[in-house]
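Structure file data-v3.tsv with TSV, C-alpha atoms:
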```
chain	number	residue	atom	x	y	z
P	157	GLY	CA	-10.86	3.42	-2.12
P	158	ALA	CA	-8.81	2.18	-5.03
P	159	VAL	CA	-10.71	-0.40	-7.06
P	160	VAL	CA	-9.56	-2.82	-9.71
P	161	SER	CA	-12.33	-4.16	-11.90
P	162	GLN	CA	-11.69	-7.56	-13.46
P	163	HIS	CA	-13.80	-9.13	-16.23
P	164	PRO	CA	-15.15	-11.61	-16.91
P	165	SER	CA	-15.73	-13.18	-13.51
P	166	TRP	CA	-16.01	-16.57	-15.11
P	167	VAL	CA	-15.59	-18.03	-18.58
P	168	ILE	CA	-15.91	-21.44	-20.15
P	169	CYS	CA	-14.10	-22.02	-23.42
P	170	LYS	CA	-13.32	-24.88	-25.73
P	171	SER	CA	-9.86	-26.38	-25.86
P	172	GLY	CA	-7.72	-24.64	-28.47
P	173	THR	CA	-9.47	-21.29	-28.30
P	174	SER	CA	-8.17	-18.07	-26.74
P	175	VAL	CA	-9.60	-16.12	-23.83
P	176	LYS	CA	-8.98	-12.53	-22.86
P	177	ILE	CA	-9.23	-11.27	-19.29
P	178	GLU	CA	-9.35	-7.55	-18.58
P	179	CYS	CA	-8.25	-5.68	-15.52
P	180	ARG	CA	-9.07	-1.99	-15.11
P	181	SER	CA	-8.07	0.46	-12.41
P	182	LEU	CA	-11.17	2.57	-11.86
P	183	ASP	CA	-10.04	5.56	-9.85
P	184	PHE	CA	-6.29	5.56	-10.05
P	185	GLN	CA	-3.53	5.06	-12.57
P	186	ALA	CA	-1.71	1.76	-12.41
P	187	THR	CA	1.72	1.81	-13.97
P	188	THR	CA	2.30	-1.71	-12.72
P	189	MET	CA	-0.13	-4.60	-12.59
P	190	PHE	CA	0.46	-8.16	-11.51
P	191	TRP	CA	-1.19	-11.34	-12.81
P	192	TYR	CA	-1.61	-14.36	-10.56
P	193	ARG	CA	-2.92	-17.86	-11.04
P	194	GLN	CA	-4.50	-19.86	-8.26
P	195	PHE	CA	-5.35	-23.55	-8.39
P	196	PRO	CA	-7.92	-24.99	-5.97
P	197	LYS	CA	-6.80	-25.03	-2.34
P	198	GLN	CA	-3.49	-23.46	-3.27
P	199	SER	CA	-1.89	-20.08	-2.90
P	200	LEU	CA	-1.58	-17.33	-5.46
P	201	MET	CA	1.33	-17.81	-7.81
P	202	LEU	CA	2.65	-14.77	-9.63
P	203	MET	CA	2.69	-15.26	-13.37
P	204	ALA	CA	3.92	-11.92	-14.62
P	205	THR	CA	4.37	-8.25	-13.89
P	206	SER	CA	2.79	-5.92	-16.39
P	207	ASN	CA	4.26	-2.47	-16.95
P	208	GLU	CA	2.45	0.24	-18.86
P	209	GLY	CA	4.06	0.86	-22.20
P	210	SER	CA	6.64	-1.88	-21.98
P	211	LYS	CA	6.92	-5.64	-22.16
P	212	ALA	CA	5.72	-7.73	-19.28
P	213	THR	CA	8.14	-9.58	-17.04
P	214	TYR	CA	7.27	-13.24	-16.72
P	215	GLU	CA	8.08	-15.50	-13.80
P	216	GLN	CA	10.17	-18.57	-14.38
P	217	GLY	CA	8.20	-21.38	-15.96
P	218	VAL	CA	5.42	-19.18	-17.34
P	219	GLU	CA	5.17	-19.32	-21.13
P	220	LYS	CA	5.03	-15.76	-22.43
P	221	ASP	CA	3.77	-16.88	-25.85
P	222	LYS	CA	0.86	-18.64	-24.22
P	223	PHE	CA	-0.06	-16.00	-21.67
P	224	LEU	CA	-0.02	-12.72	-23.58
P	225	ILE	CA	-0.07	-9.60	-21.46
P	226	ASN	CA	-0.82	-6.14	-22.77
P	227	HIS	CA	-0.69	-3.00	-20.66
P	228	ALA	CA	-1.38	-0.32	-23.21
P	229	SER	CA	-2.75	2.34	-20.88
P	230	LEU	CA	-2.46	3.40	-17.27
P	231	THR	CA	-5.86	1.94	-16.48
P	232	LEU	CA	-6.03	-1.29	-18.45
P	233	SER	CA	-4.05	-4.51	-18.51
P	234	THR	CA	-5.17	-7.64	-20.33
P	235	LEU	CA	-4.16	-11.28	-20.08
P	236	THR	CA	-4.89	-13.50	-23.07
P	237	VAL	CA	-4.67	-17.24	-22.62
P	238	THR	CA	-3.92	-18.54	-26.10
P	239	SER	CA	-4.73	-22.03	-27.33
P	240	ALA	CA	-6.20	-22.89	-23.97
P	241	HIS	CA	-6.07	-26.44	-22.68
P	242	PRO	CA	-7.87	-28.05	-19.74
P	243	GLU	CA	-4.75	-27.73	-17.59
P	244	ASP	CA	-5.04	-23.95	-17.97
P	245	SER	CA	-8.30	-24.09	-16.03
P	246	SER	CA	-7.68	-22.00	-12.95
P	247	PHE	CA	-8.58	-18.83	-11.07
P	248	TYR	CA	-6.76	-15.84	-12.54
P	249	ILE	CA	-6.38	-12.70	-10.44
P	250	CYS	CA	-4.93	-9.32	-11.26
P	251	SER	CA	-3.50	-6.81	-8.85
P	252	ALA	CA	-2.30	-3.25	-9.08
P	253	ARG	CA	-0.02	-1.19	-6.95
P	254	VAL	CA	-2.00	1.82	-5.86
P	255	SER	CA	0.69	3.89	-4.21
P	256	ALA	CA	3.47	3.65	-1.66
P	257	LEU	CA	0.94	4.57	0.99
P	258	TYR	CA	-1.95	2.32	-0.02
P	259	GLY	CA	-0.05	-0.69	-1.33
P	260	TYR	CA	-1.84	-3.13	-3.56
P	261	THR	CA	-5.41	-3.86	-4.52
P	262	PHE	CA	-6.78	-6.98	-6.17
P	263	GLY	CA	-9.39	-7.73	-8.78
P	264	SER	CA	-12.23	-10.12	-8.01
P	265	GLY	CA	-10.71	-12.88	-10.12
P	266	THR	CA	-11.71	-14.82	-13.23
P	267	ARG	CA	-12.61	-18.50	-13.09
P	268	LEU	CA	-11.46	-20.07	-16.37
P	269	THR	CA	-12.71	-23.50	-17.30
P	270	VAL	CA	-11.40	-25.09	-20.48
P	271	VAL	CA	-13.44	-27.99	-21.77
O	268	GLY	CA	-7.15	-27.27	16.15
O	269	GLU	CA	-4.70	-27.13	13.25
O	270	SER	CA	-4.15	-29.72	10.60
O	271	VAL	CA	-1.48	-29.83	7.96
O	272	GLY	CA	-1.34	-32.19	5.07
O	273	LEU	CA	-2.40	-32.38	1.48
O	274	HIS	CA	-5.17	-29.90	2.13
O	275	LEU	CA	-4.97	-26.30	3.18
O	276	PRO	CA	-4.10	-26.00	6.90
O	277	THR	CA	-7.27	-25.36	8.83
O	278	LEU	CA	-7.81	-23.54	12.09
O	279	SER	CA	-11.15	-24.04	13.82
O	280	VAL	CA	-12.23	-21.58	16.48
O	281	GLN	CA	-15.44	-20.92	18.32
O	282	GLU	CA	-17.32	-17.73	17.73
O	283	GLY	CA	-16.15	-15.10	20.18
O	284	ASP	CA	-12.74	-16.64	20.76
O	285	ASN	CA	-9.51	-15.09	19.53
O	286	SER	CA	-7.79	-16.53	16.47
O	287	ILE	CA	-4.09	-16.66	15.77
O	288	ILE	CA	-2.91	-17.46	12.28
O	289	ASN	CA	0.79	-17.97	11.71
O	290	CYS	CA	3.04	-17.56	8.73
O	291	ALA	CA	6.72	-18.25	8.16
O	292	TYR	CA	8.28	-16.14	5.45
O	293	SER	CA	11.32	-17.05	3.47
O	294	ASN	CA	13.18	-13.97	2.32
O	295	SER	CA	15.23	-12.19	4.96
O	296	ALA	CA	15.38	-9.17	2.64
O	297	SER	CA	11.58	-8.74	2.72
O	298	ASP	CA	10.59	-5.55	4.46
O	299	TYR	CA	6.88	-5.29	3.75
O	300	PHE	CA	4.29	-7.81	4.88
O	301	ILE	CA	0.58	-8.01	4.27
O	302	TRP	CA	-2.26	-10.19	5.45
O	303	TYR	CA	-5.08	-10.93	3.03
O	304	LYS	CA	-8.45	-12.59	3.47
O	305	GLN	CA	-9.89	-14.56	0.59
O	306	GLU	CA	-13.45	-15.81	0.48
O	307	SER	CA	-14.43	-18.57	-1.89
O	308	GLY	CA	-14.46	-17.46	-5.52
O	309	LYS	CA	-13.24	-13.96	-4.76
O	310	GLY	CA	-10.00	-12.05	-4.97
O	311	PRO	CA	-7.85	-11.34	-1.90
O	312	GLN	CA	-9.03	-8.59	0.41
O	313	PHE	CA	-6.50	-6.47	2.30
O	314	ILE	CA	-6.60	-6.82	6.08
O	315	ILE	CA	-3.50	-5.22	7.50
O	316	ASP	CA	0.13	-4.61	6.63
O	317	ILE	CA	3.34	-3.99	8.50
O	318	ARG	CA	6.80	-2.80	7.60
O	319	SER	CA	9.97	-4.32	8.94
O	320	ASN	CA	10.76	-1.35	11.15
O	321	MET	CA	7.81	-2.34	13.32
O	322	ASP	CA	7.07	-5.50	15.29
O	323	LYS	CA	3.41	-4.89	15.96
O	324	ARG	CA	0.54	-3.09	14.32
O	325	GLN	CA	-3.09	-2.99	15.29
O	326	GLY	CA	-6.23	-2.46	13.29
O	327	GLN	CA	-9.88	-2.96	14.00
O	328	ARG	CA	-10.08	-6.36	15.78
O	329	VAL	CA	-6.83	-7.44	14.12
O	330	THR	CA	-3.21	-7.32	15.18
O	331	VAL	CA	-0.18	-8.30	13.16
O	332	LEU	CA	3.02	-9.33	14.89
O	333	LEU	CA	6.36	-9.54	13.12
O	334	ASN	CA	9.38	-11.42	14.42
O	335	LYS	CA	12.23	-10.80	12.03
O	336	THR	CA	14.65	-12.92	14.01
O	337	VAL	CA	12.79	-16.11	13.18
O	338	LYS	CA	11.06	-14.76	10.06
O	339	HIS	CA	7.62	-15.24	11.50
O	340	LEU	CA	4.42	-13.31	11.04
O	341	SER	CA	1.14	-13.76	12.86
O	342	LEU	CA	-2.36	-12.41	12.53
O	343	GLN	CA	-4.52	-12.17	15.61
O	344	ILE	CA	-8.26	-11.72	15.23
O	345	ALA	CA	-10.13	-10.73	18.35
O	346	ALA	CA	-13.65	-11.96	19.08
O	347	THR	CA	-13.80	-14.05	15.92
O	348	GLN	CA	-17.09	-13.88	14.06
O	349	PRO	CA	-18.70	-16.21	11.49
O	350	GLY	CA	-17.96	-13.62	8.82
O	351	ASP	CA	-14.25	-14.11	9.49
O	352	SER	CA	-14.43	-17.60	8.00
O	353	ALA	CA	-12.17	-17.54	4.95
O	354	VAL	CA	-8.67	-18.42	3.79
O	355	TYR	CA	-5.97	-16.11	5.09
O	356	PHE	CA	-2.72	-15.50	3.25
O	357	CYS	CA	0.39	-13.68	4.30
O	358	ALA	CA	2.42	-12.00	1.60
O	359	GLU	CA	5.92	-10.57	1.63
O	360	GLY	CA	7.63	-8.04	-0.54
O	361	THR	CA	10.61	-5.76	-0.77
O	362	GLY	CA	9.32	-2.24	-0.40
O	363	THR	CA	5.84	-1.36	-1.56
O	364	ALA	CA	6.67	-1.39	-5.26
O	365	SER	CA	7.85	-4.94	-5.66
O	366	LYS	CA	5.99	-8.09	-6.49
O	367	LEU	CA	4.51	-10.03	-3.62
O	368	THR	CA	5.19	-13.63	-2.66
O	369	PHE	CA	2.26	-15.35	-1.03
O	370	GLY	CA	2.36	-17.94	1.72
O	371	THR	CA	0.46	-21.20	1.52
O	372	GLY	CA	-2.63	-19.94	3.31
O	373	THR	CA	-4.69	-21.05	6.31
O	374	ARG	CA	-8.40	-21.74	6.31
O	375	LEU	CA	-10.18	-20.26	9.30
O	376	GLN	CA	-13.42	-22.00	10.27
O	377	VAL	CA	-15.58	-20.29	12.86
O	378	THR	CA	-17.94	-22.58	14.69
O	379	LEU	CA	-21.04	-21.42	16.51
```
Using structure tokens, write down the structure from this file.
Amino acid sequence: GAVVSQHPSWVICKSGTSVKIECRSLDFQATTMFWYRQFPKQSLMLMATSNEGSKATYEQGVEKDKFLINHASLTLSTLTVTSAHPEDSSFYICSARVSALYGYTFGSGTRLTVV
Amino acid sequence: GESVGLHLPTLSVQEGDNSIINCAYSNSASDYFIWYKQESGKGPQFIIDIRSNMDKRQGQRVTVLLNKTVKHLSLQIAATQPGDSAVYFCAEGTGTASKLTFGTGTRLQVTL
């Protein structure tokens, strides 16, 4: 089946540094990818929609200069958390639309801890 | 039983019993609905989906019911097993190309 590979699975970084999270579609081309954030015991909140070859669309309240999204190819989207702060600590999950028939598939998530 | 409060709603069922997890969705224009299972520290795993032109769809041990009149979705799991213990989310979208909006989630605990 369609697989989205997300790396790293966890990362610890110092406050003020930047962290990049990668999301790759392994056996299909993903023109659209979605980035979610999930705090403990809460639901997934959509941060942005990433479109290959164009600028990402951010949800209201999400700082686009802080959460940089790049979708330079049909198989790779990246989320960079810039100048990370402890409040950015969360579980970040990417998702890709596989097709009209198969819907969406999700990455395994990245646990970010900012210390 | 169910509990709602500051924590994730929790449904406790005995192994072998049937589970019913409910979800109220908000957008009357939504026409695509999905149930996901999420285990601790992992991404959501697809369980079953349904389009708005249907009111019931069955999979292996799972059934999704859709009531568009009251904007309600339910997931029924037959013969619940310990491996079913997880958090379950419903998600709604408009078509299969749009972004998804996730519900608050329900934790299913299967007791032996």
Kindly determine which residues of chain O lie within 8 Å of chain P, considering only C-alpha atoms, and give the answer as a PDB file with C-alpha atoms, keeping the file's coordinate frame.
```pdb
ATOM      1  CA  HIS O 274      -5.170 -29.900   2.130  1.00  0.00           C
ATOM      2  CA  LEU O 275      -4.970 -26.300   3.180  1.00  0.00           C
ATOM      3  CA  GLY O 308     -14.460 -17.460  -5.520  1.00  0.00           C
ATOM      4  CA  LYS O 309     -13.240 -13.960  -4.760  1.00  0.00           C
ATOM      5  CA  GLY O 310     -10.000 -12.050  -4.970  1.00  0.00           C
ATOM      6  CA  PRO O 311      -7.850 -11.340  -1.900  1.00  0.00           C
ATOM      7  CA  GLN O 312      -9.030  -8.590   0.410  1.00  0.00           C
ATOM      8  CA  PHE O 313      -6.500  -6.470   2.300  1.00  0.00           C
ATOM      9  CA  PHE O 356      -2.720 -15.500   3.250  1.00  0.00           C
ATOM     10  CA  THR O 363       5.840  -1.360  -1.560  1.00  0.00           C
ATOM     11  CA  ALA O 364       6.670  -1.390  -5.260  1.00  0.00           C
ATOM     12  CA  LYS O 366       5.990  -8.090  -6.490  1.00  0.00           C
ATOM     13  CA  LEU O 367       4.510 -10.030  -3.620  1.00  0.00           C
ATOM     14  CA  THR O 368       5.190 -13.630  -2.660  1.00  0.00           C
ATOM     15  CA  PHE O 369       2.260 -15.350  -1.030  1.00  0.00           C
ATOM     16  CA  GLY O 370       2.360 -17.940   1.720  1.00  0.00           C
ATOM     17  CA  THR O 371       0.460 -21.200   1.520  1.00  0.00           C
ATOM     18  CA  GLY O 372      -2.630 -19.940   3.310  1.00  0.00           C
TER      19      GLY O 372
END
```
Inset, instruction - Choose the residue, out of P:Ser246, P:Ser174, P:Asn226, P:Gln194, that has the smallest atom-to-atom separation from Gly209 of chain P; count only C-alpha atoms. - result: P:Asn226
Show me the residues around (-1.7, -21.3, -23.3) - criterion: an atom at most 6 Å away, only C-alpha atoms counted - as a short mmCIF file (atom, residue, chain, number, x, y, z; two decimals) with C-alpha atoms, keeping the file's coordinate frame.
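Contents of point.cif, freshly written:
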```cif
data_model
loop_
_atom_site.label_atom_id
_atom_site.label_comp_id
_atom_site.auth_asym_id
_atom_site.auth_seq_id
_atom_site.Cartn_x
_atom_site.Cartn_y
_atom_site.Cartn_z
CA LYS P 222 0.86 -18.64 -24.22
CA PHE P 223 -0.06 -16.00 -21.67
CA VAL P 237 -4.67 -17.24 -22.62
CA THR P 238 -3.92 -18.54 -26.10
CA SER P 239 -4.73 -22.03 -27.33
CA ALA P 240 -6.20 -22.89 -23.97
#
```
Spatial sel., origin (-9.2, 4.0, -14.7), limit 10 Å, only C-alpha atoms, listed as a PDB file with C-alpha atoms, in the frame of the given file:
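The new file point_9.pdb reads:
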```pdb
ATOM      1  CA  ALA P 158      -8.810   2.180  -5.030  1.00  0.00           C
ATOM      2  CA  VAL P 159     -10.710  -0.400  -7.060  1.00  0.00           C
ATOM      3  CA  VAL P 160      -9.560  -2.820  -9.710  1.00  0.00           C
ATOM      4  CA  SER P 161     -12.330  -4.160 -11.900  1.00  0.00           C
ATOM      5  CA  CYS P 179      -8.250  -5.680 -15.520  1.00  0.00           C
ATOM      6  CA  ARG P 180      -9.070  -1.990 -15.110  1.00  0.00           C
ATOM      7  CA  SER P 181      -8.070   0.460 -12.410  1.00  0.00           C
ATOM      8  CA  LEU P 182     -11.170   2.570 -11.860  1.00  0.00           C
ATOM      9  CA  ASP P 183     -10.040   5.560  -9.850  1.00  0.00           C
ATOM     10  CA  PHE P 184      -6.290   5.560 -10.050  1.00  0.00           C
ATOM     11  CA  GLN P 185      -3.530   5.060 -12.570  1.00  0.00           C
ATOM     12  CA  ALA P 186      -1.710   1.760 -12.410  1.00  0.00           C
ATOM     13  CA  SER P 229      -2.750   2.340 -20.880  1.00  0.00           C
ATOM     14  CA  LEU P 230      -2.460   3.400 -17.270  1.00  0.00           C
ATOM     15  CA  THR P 231      -5.860   1.940 -16.480  1.00  0.00           C
ATOM     16  CA  LEU P 232      -6.030  -1.290 -18.450  1.00  0.00           C
TER      17      LEU P 232
END
```
Inset, instruction - Would you work out the distance separating atom CA of Arg328 of chain O from atom CA of Ala358 of chain O, expressed in Å to one decimal? - result: 19.7 Å
